[in-house]
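Undergrad: Provided herewith is a single structure, encoded as structure tokens, for subsequent inquiry.
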Amino acid sequence: TEVIDAQVRIFEYSDREIARARDREIASGGAGENRVQRGDRKVLMSPNVTKPPNINDIINLPDGDYRILDVMKVAPAGTVVIYKLQVRL
């Protein structure tokens, strides 16, 4: 587990996004702890980091240290332009 400091933009998940995640979980029969929950944050992270983010790493945000639950790389031409993270306090 690494602690990450990076340039980020932080967003709240909407009620609609939370409901869609719950519906997908029910439909798949899963019980994943990574399902989006109230209080989770959506973080857009600059790719200019010394080490790419990984699941279970910790990211320092203004209101606390959050655990990374999901990482999605946006790399349209093979080069990462941004990371989309789901994080939980």
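Quick note on naming: the chains in the structure tokens go A, B, ... in the order shown, residues restart at 1 in each chain, and ligands are numbered from 1 in order of appearance.
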Which polymer residues have any atom within 8 Å of an atom of segment 53-69 of chain A, counting only C-alpha atoms, with same-chain residues fewer than 3 positions away left out, as a list in words?
TA: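 Skipping anything fewer than 3 positions along the chain leaves Thr1, Glu2, Val3, Ile4, Asp5, Asn34, Leu85, Gln86, Val87, Arg88 and Leu89 of chain A.
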Undergrad: Hey, what does DSSP flag as helix (DSSP H, G or I) within chain A? Can you give it to me as a list in words?
TA: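 Going through chain A, the helix (DSSP H, G or I) residues come out as Asp15, Arg16, Glu17, Ile18, Ala19, Arg20, Ala21, Arg22, Asp23, Arg24, Glu25, Ile26, Ala27 and Ser28 of chain A.
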Undergrad: Neighbours of segment 15-20 of chain A within 10 Å (only C-alpha atoms; same-chain residues fewer than 3 positions away dropped), as a PDB file with N, CA, C and O atoms, in the first residue's frame?
TA:
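Written output follows (part.pdb):
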```
ATOM      1  N   GLU A  12     -18.412  14.338  -5.848  1.00  0.00           N
ATOM      2  CA  GLU A  12     -19.336  13.443  -5.146  1.00  0.00           C
ATOM      3  C   GLU A  12     -20.030  12.574  -6.196  1.00  0.00           C
ATOM      4  O   GLU A  12     -20.276  13.024  -7.313  1.00  0.00           O
ATOM      5  N   ASP A  23     -28.034  -1.316  -8.576  1.00  0.00           N
ATOM      6  CA  ASP A  23     -28.806  -2.133  -9.508  1.00  0.00           C
ATOM      7  C   ASP A  23     -27.913  -3.119 -10.261  1.00  0.00           C
ATOM      8  O   ASP A  23     -28.285  -4.274 -10.459  1.00  0.00           O
ATOM      9  N   ARG A  24     -26.715  -2.675 -10.676  1.00  0.00           N
ATOM     10  CA  ARG A  24     -25.780  -3.568 -11.369  1.00  0.00           C
ATOM     11  C   ARG A  24     -25.333  -4.693 -10.445  1.00  0.00           C
ATOM     12  O   ARG A  24     -25.218  -5.847 -10.861  1.00  0.00           O
ATOM     13  N   GLU A  25     -25.113  -4.366  -9.183  1.00  0.00           N
ATOM     14  CA  GLU A  25     -24.685  -5.380  -8.217  1.00  0.00           C
ATOM     15  C   GLU A  25     -25.781  -6.427  -8.012  1.00  0.00           C
ATOM     16  O   GLU A  25     -25.515  -7.629  -8.010  1.00  0.00           O
ATOM     17  N   ILE A  26     -27.019  -5.977  -7.877  1.00  0.00           N
ATOM     18  CA  ILE A  26     -28.147  -6.903  -7.694  1.00  0.00           C
ATOM     19  C   ILE A  26     -28.299  -7.791  -8.924  1.00  0.00           C
ATOM     20  O   ILE A  26     -28.456  -9.001  -8.818  1.00  0.00           O
ATOM     21  N   ARG A  35     -18.743  -1.581  -4.601  1.00  0.00           N
ATOM     22  CA  ARG A  35     -19.909  -0.885  -5.149  1.00  0.00           C
ATOM     23  C   ARG A  35     -19.909   0.545  -4.613  1.00  0.00           C
ATOM     24  O   ARG A  35     -19.606   0.794  -3.453  1.00  0.00           O
ATOM     25  N   VAL A  36     -20.261   1.485  -5.468  1.00  0.00           N
ATOM     26  CA  VAL A  36     -20.296   2.888  -5.060  1.00  0.00           C
ATOM     27  C   VAL A  36     -21.303   3.054  -3.931  1.00  0.00           C
ATOM     28  O   VAL A  36     -22.447   2.611  -4.027  1.00  0.00           O
ATOM     29  N   GLN A  37     -20.853   3.678  -2.859  1.00  0.00           N
ATOM     30  CA  GLN A  37     -21.702   3.913  -1.691  1.00  0.00           C
ATOM     31  C   GLN A  37     -21.728   5.399  -1.373  1.00  0.00           C
ATOM     32  O   GLN A  37     -20.823   6.150  -1.761  1.00  0.00           O
ATOM     33  N   ARG A  38     -22.759   5.801  -0.670  1.00  0.00           N
ATOM     34  CA  ARG A  38     -22.851   7.188  -0.219  1.00  0.00           C
ATOM     35  C   ARG A  38     -21.599   7.516   0.589  1.00  0.00           C
ATOM     36  O   ARG A  38     -21.164   6.726   1.415  1.00  0.00           O
ATOM     37  N   ASP A  40     -18.598   7.836  -0.826  1.00  0.00           N
ATOM     38  CA  ASP A  40     -17.462   7.602  -1.722  1.00  0.00           C
ATOM     39  C   ASP A  40     -17.220   8.865  -2.539  1.00  0.00           C
ATOM     40  O   ASP A  40     -18.122   9.686  -2.728  1.00  0.00           O
TER      41      ASP A  40
END
```
Undergrad: For Asp70 of chain A, which of A:Lys84, A:Lys51, A:Arg9, A:Arg22 is the closest residue, counting only C-alpha atoms?
TA: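 Ranking A:Lys84, A:Lys51, A:Arg9, A:Arg22 by distance to Asp70 of chain A, first place goes to A:Lys84.
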Undergrad: Could you pull out the strand (DSSP E or B) residues of chain A from DSSP and send them as a PyMOL selection string?
TA: chain A and resi 3-4+8-12+41-45+58-61+64-74+82-88
Undergrad: At what distance in Å, to one decimal, does atom CA of Phe11 of chain A lie from atom CA of Pro76 of chain A?
TA: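 Here the two named atoms are 22.5 Å from each other.
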Undergrad: Which polymer residues have any atom within 12 Å of an atom of Thr79 of chain A, counting only C-alpha atoms, with same-chain residues fewer than 6 positions away left out, as number ranges by chain?
TA: A: 47-48, 73
Undergrad: Restricting the output to all heavy atoms, write the selected residues as a PDB file, in the first residue's frame.
TA:
```pdb
ATOM      1  N   PRO A  47      -1.919  12.302 -14.580  1.00  0.00           N
ATOM      2  CA  PRO A  47      -1.029  11.172 -14.810  1.00  0.00           C
ATOM      3  C   PRO A  47       0.421  11.481 -14.435  1.00  0.00           C
ATOM      4  O   PRO A  47       1.272  10.594 -14.479  1.00  0.00           O
ATOM      5  CB  PRO A  47      -1.158  10.919 -16.321  1.00  0.00           C
ATOM      6  CG  PRO A  47      -1.445  12.269 -16.878  1.00  0.00           C
ATOM      7  CD  PRO A  47      -2.300  12.953 -15.828  1.00  0.00           C
ATOM      8  N   ASN A  48       0.699  12.717 -14.047  1.00  0.00           N
ATOM      9  CA  ASN A  48       2.055  13.126 -13.706  1.00  0.00           C
ATOM     10  C   ASN A  48       2.396  12.743 -12.269  1.00  0.00           C
ATOM     11  O   ASN A  48       2.559  13.590 -11.405  1.00  0.00           O
ATOM     12  CB  ASN A  48       2.224  14.633 -13.909  1.00  0.00           C
ATOM     13  CG  ASN A  48       1.953  15.037 -15.341  1.00  0.00           C
ATOM     14  OD1 ASN A  48       2.242  14.285 -16.270  1.00  0.00           O
ATOM     15  ND2 ASN A  48       1.354  16.189 -15.534  1.00  0.00           N
ATOM     16  N   LYS A  73      -7.819   3.763 -15.998  1.00  0.00           N
ATOM     17  CA  LYS A  73      -6.904   4.596 -16.788  1.00  0.00           C
ATOM     18  C   LYS A  73      -7.645   5.083 -18.024  1.00  0.00           C
ATOM     19  O   LYS A  73      -8.291   4.289 -18.708  1.00  0.00           O
ATOM     20  CB  LYS A  73      -5.707   3.789 -17.271  1.00  0.00           C
ATOM     21  CG  LYS A  73      -4.802   3.286 -16.211  1.00  0.00           C
ATOM     22  CD  LYS A  73      -3.667   2.527 -16.890  1.00  0.00           C
ATOM     23  CE  LYS A  73      -3.118   1.503 -15.943  1.00  0.00           C
ATOM     24  NZ  LYS A  73      -2.115   0.654 -16.592  1.00  0.00           N
TER      25      LYS A  73
END
```
Undergrad: Please determine, counting only C-alpha atoms, which residue among A:Ile82, A:Ala77, A:Gly29, A:Ser14 has the shortest atom-to-atom distance to Pro52 of chain A.
TA: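 Ranking A:Ile82, A:Ala77, A:Gly29, A:Ser14 by distance to Pro52 of chain A, first place goes to A:Ile82.
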Undergrad: Go ahead and compute the interatomic distance for atom CA of Val49 of chain A and atom CA of Val81 of chain A, in Å to one decimal.
TA: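 Between atom CA of Val49 of chain A and atom CA of Val81 of chain A the gap is 11.5 Å.
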Undergrad: My list of candidates is A:Ala6, A:Met72, A:Ala27, A:Ala21. Which is closest to Thr50 of chain A when distances are computed with only C-alpha atoms?
TA: A:Ala6
